[in-house]
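> Hey, dropping my_file-v2.tsv in here, TSV, C-alpha atoms and all ligand atoms:
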chain	number	residue	atom	x	y	z
Z	589	MET	CA	20.14	-8.47	-29.14
Z	590	LYS	CA	22.70	-6.48	-27.22
Z	591	LEU	CA	21.18	-4.76	-24.23
Z	592	SER	CA	22.48	-1.32	-23.40
Z	593	LYS	CA	22.90	-0.24	-19.81
Z	594	VAL	CA	21.77	3.17	-18.77
Z	595	GLU	CA	25.09	4.02	-17.20
Z	596	ASP	CA	24.57	7.25	-15.39
Z	597	SER	CA	27.83	8.58	-14.00
Z	598	LYS	CA	25.98	10.57	-11.34
Z	599	HIS	CA	24.42	7.41	-9.93
Z	600	PRO	CA	26.89	4.58	-9.64
Z	601	ALA	CA	25.39	1.19	-8.90
Z	602	ASN	CA	25.82	1.57	-5.16
Z	603	LEU	CA	23.12	-0.91	-4.27
Z	604	HIS	CA	24.30	-4.35	-5.23
Z	605	ARG	CA	21.97	-5.95	-7.71
Z	606	THR	CA	21.45	-9.05	-5.62
Z	607	LEU	CA	19.53	-6.84	-3.19
Z	608	THR	CA	16.62	-6.84	-5.63
Z	609	LEU	CA	15.91	-10.49	-4.85
Z	610	GLU	CA	16.29	-9.81	-1.13
Z	611	MET	CA	13.66	-7.06	-1.40
Z	612	VAL	CA	11.36	-9.43	-3.25
Z	613	ARG	CA	11.61	-11.88	-0.36
Z	614	VAL	CA	10.66	-9.13	2.05
Z	615	THR	CA	7.57	-7.92	0.21
Z	616	GLU	CA	6.51	-11.51	-0.55
Z	617	ARG	CA	6.62	-12.48	3.13
Z	618	ALA	CA	4.59	-9.45	4.15
Z	619	ALA	CA	2.01	-10.11	1.44
Z	620	ILE	CA	1.58	-13.73	2.50
Z	621	ALA	CA	1.08	-12.63	6.10
Z	622	ALA	CA	-1.44	-9.94	5.15
Z	623	ALA	CA	-3.29	-12.30	2.83
Z	624	GLU	CA	-4.50	-14.27	5.84
Z	625	TRP	CA	-6.51	-11.18	6.72
Z	626	ARG	CA	-8.04	-10.55	3.31
Z	627	GLY	CA	-11.72	-9.92	3.59
Z	628	LYS	CA	-11.81	-10.31	7.37
Z	629	GLY	CA	-12.80	-6.71	7.96
Z	630	ASN	CA	-9.92	-6.18	10.37
Z	631	GLU	CA	-7.61	-3.49	9.03
Z	632	LYS	CA	-5.47	-3.36	12.14
Z	633	ALA	CA	-4.75	-7.09	12.19
Z	634	ALA	CA	-3.92	-7.11	8.49
Z	635	ASP	CA	-1.54	-4.19	8.86
Z	636	GLU	CA	0.14	-5.68	11.94
Z	637	ALA	CA	0.64	-9.01	10.20
Z	638	ALA	CA	2.29	-7.30	7.22
Z	639	VAL	CA	4.49	-5.16	9.48
Z	640	ALA	CA	5.70	-8.07	11.62
Z	641	ALA	CA	6.51	-10.25	8.61
Z	642	MET	CA	8.25	-7.41	6.82
Z	643	LYS	CA	10.39	-6.53	9.82
Z	644	SER	CA	11.53	-10.08	10.50
Z	645	GLU	CA	12.35	-10.73	6.85
Z	646	LEU	CA	14.21	-7.39	6.55
Z	647	ASP	CA	16.33	-8.36	9.53
Z	648	ARG	CA	17.63	-11.37	7.61
Z	649	VAL	CA	19.08	-9.19	4.86
Z	650	ALA	CA	22.77	-8.26	4.97
Z	651	ILE	CA	22.30	-4.51	5.17
Z	652	SER	CA	22.67	-1.75	7.71
Z	653	GLY	CA	19.22	-0.41	6.99
Z	654	ARG	CA	17.38	2.54	8.43
Z	655	ILE	CA	13.66	3.15	8.09
Z	656	VAL	CA	13.04	6.67	6.78
Z	657	ILE	CA	9.39	6.22	5.85
Z	658	GLY	CA	7.54	3.72	7.97
Z	659	GLU	CA	4.52	3.06	10.12
Z	660	GLY	CA	4.92	6.22	12.17
Z	661	GLU	CA	7.15	7.85	14.72
Z	662	GLU	CA	8.98	5.79	17.30
Z	663	PHE	CA	6.44	6.58	20.04
Z	664	GLU	CA	3.51	5.72	17.76
Z	665	CYS	CA	4.31	2.15	16.74
Z	666	ASP	CA	6.43	-0.81	17.77
Z	667	GLU	CA	7.99	-1.77	14.49
Z	668	LEU	CA	9.12	-0.08	11.30
Z	669	TYR	CA	9.11	3.35	12.87
Z	670	VAL	CA	11.09	6.20	11.40
Z	671	GLY	CA	14.70	5.84	12.46
Z	672	GLN	CA	14.50	2.15	13.32
Z	673	ALA	CA	17.54	0.09	12.36
Z	674	VAL	CA	16.69	-2.90	10.17
Z	675	GLY	CA	18.74	-5.62	8.56
Z	676	GLU	CA	21.47	-7.91	9.83
Z	677	GLY	CA	23.51	-4.85	10.71
Z	678	GLN	CA	26.43	-5.75	8.50
Z	679	GLY	CA	26.46	-4.61	4.92
Z	680	PRO	CA	25.77	-1.42	3.01
Z	681	GLU	CA	24.18	1.54	4.74
Z	682	VAL	CA	20.82	2.02	3.08
Z	683	ASP	CA	17.62	3.93	3.66
Z	684	ILE	CA	14.29	2.17	3.39
Z	685	ALA	CA	10.76	3.42	2.81
Z	686	VAL	CA	7.90	1.02	3.39
Z	687	ASP	CA	4.19	0.80	3.10
Z	688	PRO	CA	3.69	-2.75	4.45
Z	689	LEU	CA	0.03	-2.62	3.55
Z	690	GLU	CA	-0.81	-0.02	0.94
Z	691	GLY	CA	-4.59	-0.04	0.68
Z	692	VAL	CA	-5.38	-1.57	4.05
Z	693	THR	CA	-9.11	-1.00	3.53
Z	694	LEU	CA	-8.95	-2.82	0.20
Z	695	CYS	CA	-7.34	-5.80	1.92
Z	696	ALA	CA	-9.89	-5.84	4.75
Z	697	LYS	CA	-12.69	-5.75	2.18
Z	698	ASN	CA	-10.92	-8.16	-0.18
Z	699	GLN	CA	-11.06	-5.66	-3.03
Z	700	PRO	CA	-8.46	-5.29	-5.79
Z	701	ASP	CA	-5.13	-3.45	-5.54
Z	702	SER	CA	-3.83	-3.92	-2.01
Z	703	LEU	CA	-0.05	-4.17	-2.10
Z	704	VAL	CA	3.06	-4.46	0.00
Z	705	VAL	CA	5.50	-1.77	-1.11
Z	706	LEU	CA	9.15	-1.14	-0.29
Z	707	ALA	CA	11.84	1.13	-1.70
Z	708	MET	CA	15.53	1.11	-0.87
Z	709	ALA	CA	18.03	3.84	-1.61
Z	710	GLU	CA	21.50	4.91	-0.72
Z	711	ARG	CA	21.72	6.72	2.61
Z	712	GLY	CA	19.97	10.07	2.25
Z	713	GLY	CA	18.32	9.20	-1.06
Z	714	LEU	CA	14.67	9.28	-0.01
Z	715	LEU	CA	12.84	12.41	1.05
Z	716	ASN	CA	11.93	12.02	4.71
Z	717	VAL	CA	8.25	12.74	5.20
Z	718	GLY	CA	5.91	12.01	8.09
Z	719	ARG	CA	3.25	9.31	7.90
Z	720	ASN	CA	0.42	11.81	8.47
Z	721	VAL	CA	1.59	14.30	5.85
Z	722	TYR	CA	-0.16	14.68	2.50
Z	723	MET	CA	1.30	15.67	-0.84
Z	724	HIS	CA	-0.08	17.35	-3.93
Z	725	LYS	CA	1.02	15.20	-6.85
Z	726	ILE	CA	1.00	15.38	-10.60
Z	727	ALA	CA	2.43	12.68	-12.86
Z	728	ILE	CA	2.60	12.03	-16.60
Z	729	GLY	CA	4.63	9.78	-18.90
Z	730	ALA	CA	8.27	10.24	-19.84
Z	731	GLU	CA	7.35	10.77	-23.49
Z	732	TYR	CA	6.28	14.40	-22.99
Z	733	PRO	CA	8.60	17.42	-22.93
Z	734	PRO	CA	9.67	18.35	-19.38
Z	735	ASP	CA	7.57	21.50	-19.08
Z	736	THR	CA	4.30	20.05	-20.36
Z	737	VAL	CA	2.46	20.21	-17.02
Z	738	ASN	CA	3.11	21.97	-13.74
Z	739	ILE	CA	1.79	21.35	-10.25
Z	740	GLU	CA	1.25	25.10	-9.81
Z	741	TRP	CA	-1.12	25.35	-12.77
Z	742	SER	CA	-4.84	24.69	-12.56
Z	743	ALA	CA	-6.10	21.24	-13.51
Z	744	THR	CA	-7.74	22.77	-16.57
Z	745	GLU	CA	-4.46	24.30	-17.74
Z	746	ASN	CA	-2.67	21.02	-17.18
Z	747	VAL	CA	-5.09	18.80	-19.08
Z	748	LYS	CA	-5.24	21.34	-21.93
Z	749	ALA	CA	-1.46	21.37	-22.19
Z	750	LEU	CA	-1.29	17.59	-21.98
Z	751	ALA	CA	-3.95	17.11	-24.66
Z	752	ALA	CA	-2.07	19.52	-26.95
Z	753	ALA	CA	1.22	17.69	-26.35
Z	754	LYS	CA	-0.44	14.34	-27.02
Z	755	GLY	CA	-2.26	15.70	-30.05
Z	756	VAL	CA	-5.73	14.59	-28.94
Z	757	PRO	CA	-8.88	16.46	-27.85
Z	758	ILE	CA	-9.27	16.95	-24.08
Z	759	SER	CA	-12.18	14.50	-24.12
Z	760	GLU	CA	-9.65	11.77	-24.90
Z	761	ILE	CA	-7.54	12.49	-21.83
Z	762	THR	CA	-7.98	10.21	-18.81
Z	763	ALA	CA	-7.01	11.45	-15.37
Z	764	ILE	CA	-6.65	9.27	-12.31
Z	765	VAL	CA	-7.75	10.85	-9.02
Z	766	LEU	CA	-8.32	9.53	-5.49
Z	767	ASP	CA	-12.04	9.51	-4.72
Z	768	ARG	CA	-12.12	11.85	-1.72
Z	769	PRO	CA	-14.36	14.75	-0.69
Z	770	ARG	CA	-11.31	17.04	-0.79
Z	771	HIS	CA	-11.15	16.49	-4.55
Z	772	GLY	CA	-14.66	17.85	-5.18
Z	773	GLY	CA	-13.41	21.04	-6.80
Z	774	LEU	CA	-10.78	19.23	-8.85
Z	775	LEU	CA	-13.36	16.76	-10.11
Z	776	GLU	CA	-15.74	19.51	-11.10
Z	777	GLU	CA	-12.97	21.24	-13.02
Z	778	LEU	CA	-12.04	18.03	-14.83
Z	779	ARG	CA	-15.68	17.30	-15.66
Z	780	THR	CA	-16.14	20.80	-17.03
Z	781	ALA	CA	-13.05	20.38	-19.19
Z	782	GLY	CA	-14.50	17.11	-20.50
Z	783	VAL	CA	-11.78	14.84	-19.15
Z	784	SER	CA	-12.49	11.18	-18.43
Z	785	VAL	CA	-11.78	10.57	-14.75
Z	786	LYS	CA	-10.82	7.25	-13.28
Z	787	LEU	CA	-11.58	7.38	-9.57
Z	788	LEU	CA	-9.42	5.40	-7.19
Z	789	SER	CA	-10.87	4.31	-3.86
Z	790	ASP	CA	-7.34	3.83	-2.45
Z	791	GLY	CA	-3.84	3.11	-3.59
Z	792	ASP	CA	-2.23	6.02	-5.32
Z	793	ILE	CA	1.22	4.43	-5.67
Z	794	ALA	CA	-0.30	2.21	-8.33
Z	795	GLY	CA	-2.26	5.25	-9.57
Z	796	VAL	CA	0.92	7.22	-10.28
Z	797	ILE	CA	2.55	4.20	-11.92
Z	798	HIS	CA	-0.48	3.83	-14.19
Z	799	ALA	CA	-0.33	7.48	-15.18
Z	800	VAL	CA	3.18	7.11	-16.61
Z	801	ASN	CA	2.23	3.98	-18.57
Z	802	SER	CA	-0.61	5.36	-20.64
Z	803	ALA	CA	-0.02	3.02	-23.57
Z	804	ASP	CA	-0.87	0.07	-21.33
Z	805	THR	CA	-3.33	1.60	-18.91
Z	806	GLY	CA	-5.14	4.30	-20.84
Z	807	VAL	CA	-4.42	6.71	-17.99
Z	808	ASP	CA	-2.66	9.94	-19.03
Z	809	ILE	CA	-2.22	11.93	-15.85
Z	810	TYR	CA	-2.37	11.63	-12.06
Z	811	LEU	CA	-3.84	14.65	-10.28
Z	812	GLY	CA	-4.70	15.51	-6.70
Z	813	SER	CA	-3.35	14.81	-3.24
Z	814	GLY	CA	-2.57	11.63	-1.37
Z	815	GLY	CA	-0.18	10.41	1.27
Z	816	ALA	CA	3.31	11.94	1.11
Z	817	PRO	CA	4.94	8.56	1.91
Z	818	GLU	CA	3.07	7.08	-1.06
Z	819	GLY	CA	4.43	9.98	-3.13
Z	820	VAL	CA	8.02	9.11	-2.28
Z	821	LEU	CA	7.40	5.41	-2.93
Z	822	ALA	CA	5.81	6.20	-6.30
Z	823	ALA	CA	8.78	8.42	-7.19
Z	824	ALA	CA	11.14	5.54	-6.40
Z	825	ALA	CA	9.27	3.42	-8.94
Z	826	LEU	CA	9.36	6.20	-11.55
Z	827	ARG	CA	13.14	6.46	-11.13
Z	828	CYS	CA	13.23	2.89	-12.42
Z	829	ILE	CA	10.54	2.90	-15.11
Z	830	GLY	CA	10.68	6.51	-16.26
Z	831	GLY	CA	7.95	9.09	-15.95
Z	832	GLN	CA	7.55	12.62	-14.69
Z	833	MET	CA	6.16	13.66	-11.35
Z	834	GLN	CA	6.07	16.72	-9.15
Z	835	GLY	CA	5.16	16.69	-5.48
Z	836	LYS	CA	4.44	19.44	-2.99
Z	837	LEU	CA	4.05	18.65	0.70
Z	838	ILE	CA	0.92	19.86	2.45
Z	839	LEU	CA	2.32	21.18	5.72
Z	840	ASP	CA	-0.87	22.78	6.97
Z	841	THR	CA	-0.27	22.81	10.72
Z	842	PRO	CA	2.56	24.26	12.86
Z	843	ASP	CA	3.23	20.71	14.13
Z	844	LYS	CA	3.73	19.32	10.66
Z	845	ARG	CA	5.95	22.23	9.66
Z	846	LEU	CA	8.07	21.76	12.78
Z	847	ARG	CA	8.45	18.01	12.26
Z	848	ALA	CA	9.27	18.56	8.59
Z	849	ARG	CA	11.96	21.03	9.58
Z	850	GLU	CA	13.41	18.49	12.01
Z	851	MET	CA	13.47	16.01	9.15
Z	852	GLY	CA	15.49	18.44	7.05
Z	853	ILE	CA	12.81	20.24	5.04
Z	854	GLU	CA	13.77	23.91	4.99
Z	855	ASP	CA	11.22	25.26	2.52
Z	856	PRO	CA	7.67	24.04	3.23
Z	857	ASN	CA	6.50	25.20	-0.22
Z	858	ARG	CA	9.20	23.48	-2.21
Z	859	ILE	CA	8.21	21.57	-5.31
Z	860	TYR	CA	10.03	18.28	-5.69
Z	861	ASP	CA	10.61	16.38	-8.89
Z	862	VAL	CA	11.16	12.63	-9.15
Z	863	THR	CA	14.91	12.77	-8.54
Z	864	GLU	CA	14.44	14.99	-5.50
Z	865	LEU	CA	11.89	12.63	-3.97
Z	866	ALA	CA	14.05	9.59	-4.62
Z	867	ALA	CA	17.71	10.20	-5.47
Z	868	GLY	CA	20.72	8.08	-6.36
Z	869	ASP	CA	20.55	4.34	-6.78
Z	870	VAL	CA	17.06	3.07	-5.95
Z	871	LEU	CA	15.29	-0.30	-5.78
Z	872	PHE	CA	11.53	-0.77	-5.64
Z	873	SER	CA	9.53	-3.89	-4.90
Z	874	ALA	CA	5.77	-4.45	-4.66
Z	875	THR	CA	3.92	-7.73	-4.04
Z	876	GLY	CA	0.17	-8.08	-4.50
Z	877	ILE	CA	-2.04	-9.07	-1.58
Z	878	THR	CA	-5.34	-8.93	-3.44
Z	879	ASP	CA	-5.41	-9.15	-7.23
Z	880	GLY	CA	-4.60	-5.84	-8.80
Z	881	SER	CA	-3.77	-3.92	-11.92
Z	882	LEU	CA	-0.05	-4.00	-11.17
Z	883	VAL	CA	0.39	-7.56	-9.91
Z	884	GLU	CA	-1.78	-10.48	-8.94
Z	885	GLY	CA	-2.65	-11.21	-5.34
Z	886	VAL	CA	-1.50	-14.05	-3.12
Z	887	ARG	CA	-2.89	-17.41	-4.29
Z	888	LEU	CA	-3.44	-20.09	-1.71
Z	889	ARG	CA	-2.95	-23.53	-3.19
Z	890	ARG	CA	-2.98	-26.95	-1.66
Z	891	GLY	CA	0.55	-27.28	-0.28
Z	892	TRP	CA	1.91	-23.95	-1.48
Z	893	VAL	CA	1.31	-20.26	-1.78
Z	894	GLU	CA	1.92	-18.25	-4.94
Z	895	THR	CA	3.00	-14.61	-4.99
Z	896	SER	CA	3.43	-12.04	-7.75
Z	897	THR	CA	5.93	-9.25	-7.38
Z	898	VAL	CA	7.21	-6.44	-9.52
Z	899	VAL	CA	10.77	-5.41	-8.70
Z	900	MET	CA	12.67	-2.54	-10.26
Z	901	ARG	CA	16.19	-1.18	-10.23
Z	902	SER	CA	17.02	2.39	-11.19
Z	903	TRP	CA	20.62	1.94	-12.27
Z	904	SER	CA	19.86	-0.69	-14.90
Z	905	GLN	CA	16.26	0.46	-15.48
Z	906	THR	CA	15.12	-3.15	-15.20
Z	907	THR	CA	11.65	-4.24	-14.22
Z	908	ARG	CA	11.07	-7.87	-13.36
Z	909	TRP	CA	7.86	-9.67	-12.60
Z	910	ILE	CA	8.54	-12.52	-10.25
Z	911	ARG	CA	6.02	-15.22	-9.68
Z	912	ALA	CA	7.04	-17.39	-6.78
Z	913	ARG	CA	5.81	-20.57	-5.22
Z	914	HIS	CA	6.36	-20.97	-1.47
Z	915	ALA	CA	5.87	-24.19	0.47
Z	916	ARG	CA	3.37	-23.91	3.29
L	1001	LIG	C1	-3.43	7.65	-0.54
L	1001	LIG	C2	-3.39	6.19	-0.98
L	1001	LIG	C3	-3.52	5.23	0.13
L	1001	LIG	O1	-4.54	6.92	1.47
L	1001	LIG	O2	-2.18	8.07	-0.15
L	1001	LIG	C4	-4.53	7.90	0.49
L	1001	LIG	O3	-2.20	5.89	-1.64
L	1001	LIG	C5	-4.48	9.23	1.20
L	1001	LIG	O4	-5.75	9.80	1.32
L	1001	LIG	O5	-3.71	3.92	-0.37
L	1001	LIG	P1	-6.79	9.63	2.58
L	1001	LIG	O6	-6.06	9.82	3.85
L	1001	LIG	O7	-7.78	10.68	2.32
L	1001	LIG	O8	-7.35	8.26	2.50
L	1001	LIG	C6	-4.69	5.60	1.00
L	1001	LIG	O9	-5.86	5.50	0.25
L	1001	LIG	C7	-4.73	4.65	2.21
L	1001	LIG	O10	-3.49	4.64	2.87
L	1002	MG	MG	0.36	1.59	5.61
L	1003	MG	MG	-0.71	3.57	2.20
Starting from the file, lay out its structure as structure tokens.
Ligand code: VTB
Ligand code: MG
Ligand code: MG

Amino acid sequence: MKLSKVEDSKHPANLHRTLTLEMVRVTERAAIAAAEWRGKGNEKAADEAAVAAMKSELDRVAISGRIVIGEGEEFECDELYVGQAVGEGQGPEVDIAVDPLEGVTLCAKNQPDSLVVLAMAERGGLLNVGRNVYMHKIAIGAEYPPDTVNIEWSATENVKALAAAKGVPISEITAIVLDRPRHGGLLEELRTAGVSVKLLSDGDIAGVIHAVNSADTGVDIYLGSGGAPEGVLAAAALRCIGGQMQGKLILDTPDKRLRAREMGIEDPNRIYDVTELAAGDVLFSATGITDGSLVEGVRLRRGWVETSTVVMRSWSQTTRWIRARHAR
């Protein structure tokens, strides 16, 4: 079979394809480090282990990298802060968004779906958002017409429109929503409409990815708010696998609005689509810490450690699942 490349003239392959394997190494190392803290009830130690491993592995890659979404501002954390230079220092200028331990509580409790996540883009490709900023998000599969749902509509309007587009009754629509008190109203609306709701305790990067893969996951739509960094990371994945998403930042304090402005966000009410959250050539890599719906967790064997990673590249629209064995 001849494979066709999705050659998009607007997005030349600016990130060399060998970088995908480099990113895999980075997320693998962080996952192995965090795995030592699975189920130990110590979120801070797990996070710090992932951060330290990620930083030292990133510094071995031949890039002039810059963290644009990281652990916090420079004065808040020692490593992987926004603006920090990473990489060997020689090589392409790239921007990097990380969540070294997405689902830190899940890891500390040894529950499914904790991940190490990283996205890389050309300089300026990733929307710069603060660690403490939230985002309203909506996501559905690529198979629907572009105007099927809208973040400005009510949840009821959205699930009605989606059910009509899918040609099923609303009762056959499954929405994925973070289980948080702030979603009480949303949940009530979805229940009233008769939607099946899959509640996530944490981890909405995987949640968004599931929502665009309904044939495999049974999830039709992501609704609600979660971390803005997780929104950008999810968008980076959707650039590679397809899928529609809109995001709207929740800049609900003067401080957040000011910081957003400093980071280049002029209109606090702007609605971003996938290509505005993550533009140009993009790579995405996620390694499992605990077993999850996206990838398996780190397996400790006698003499070696096994990792499972999913790595994606926007230019070629490739997704690879890499199972690796590391000596220990
Ligand atoms: C989400 C999810 C994360 O935080 O962004 C969520 O992706 C944000 O909501 O895994 P809360 O601050 O209310 O938890 C996590 O659950 C944890 O970072
Ligand atoms: Mg984190
Ligand atoms: Mg997170």
> Throw together the list of residues within 10 Å of ligand LIG 1001 (chain L), counting all atoms listed in the file, and drop it here as a count of residues only.
40
> Using all atoms listed in the file, which of the listed residues (Z:Glu610, Z:Glu645, Z:Glu659, Z:Glu631) sits closest to ligand MG 1002 (chain L)?
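The shortest atom-to-atom distance to ligand MG 1002 (chain L) comes from Z:Glu659.
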> Can you tell me, as an MDAnalysis selection string, what residues are no more than 9 Å from Lys643 (chain Z) when counting all atoms listed in the file, ignoring any on the same chain fewer than 6 positions away?
chainID Z and resid 614 618 667:668 674:675
> Limited to C-alpha atoms, could you put the picked residues into a file as a CSV table (one decimal), in the coordinates of the input?

chain,number,residue,atom,x,y,z
Z,614,VAL,CA,10.7,-9.1,2.0
Z,618,ALA,CA,4.6,-9.4,4.2
Z,667,GLU,CA,8.0,-1.8,14.5
Z,668,LEU,CA,9.1,-0.1,11.3
Z,674,VAL,CA,16.7,-2.9,10.2
Z,675,GLY,CA,18.7,-5.6,8.6
> Check the smallest atom-to-atom distance from each of Z:Pro700, Z:Gly806, Z:Gly755, Z:Pro680 to Val785 (chain Z) using all atoms listed in the file, then report the winner.
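Looking at the shortest contact to Val785 (chain Z), the residue is Z:Gly806.
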> Give the answer as one residue: which of Z:Arg779, Z:His724, Z:Arg648, Z:Arg654 has the shortest atom-to-atom distance to Tyr860 (chain Z), using all atoms listed in the file?
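The answer is Z:His724, which sits nearest to Tyr860 (chain Z).
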> Counting all atoms listed in the file, which residues of region 606-725 of chain Z fall within 8 Å of region 885-902 of chain Z, and what is the closest atom pair for each with its distance in Å at one decimal, ordered by chain and rising number, as CSV?

residue,atom,partner,partner_atom,distance
Z:Thr608,CA,Z:Val899,CA,6.8
Z:Val612,CA,Z:Val899,CA,6.8
Z:Thr615,CA,Z:Thr897,CA,7.9
Z:Glu616,CA,Z:Thr895,CA,6.5
Z:Ala619,CA,Z:Val886,CA,7.0
Z:Ile620,CA,Z:Val886,CA,6.4
Z:Ala623,CA,Z:Val886,CA,6.5
> With a distance cut-off of 6 Å and all atoms listed in the file, select the neighbouring residues of Ala696 (chain Z), excluding the residue or stretch itself and same-chain residues fewer than 6 positions from it, and output the selection as a PyMOL selection string.
chain Z and resi 626-631
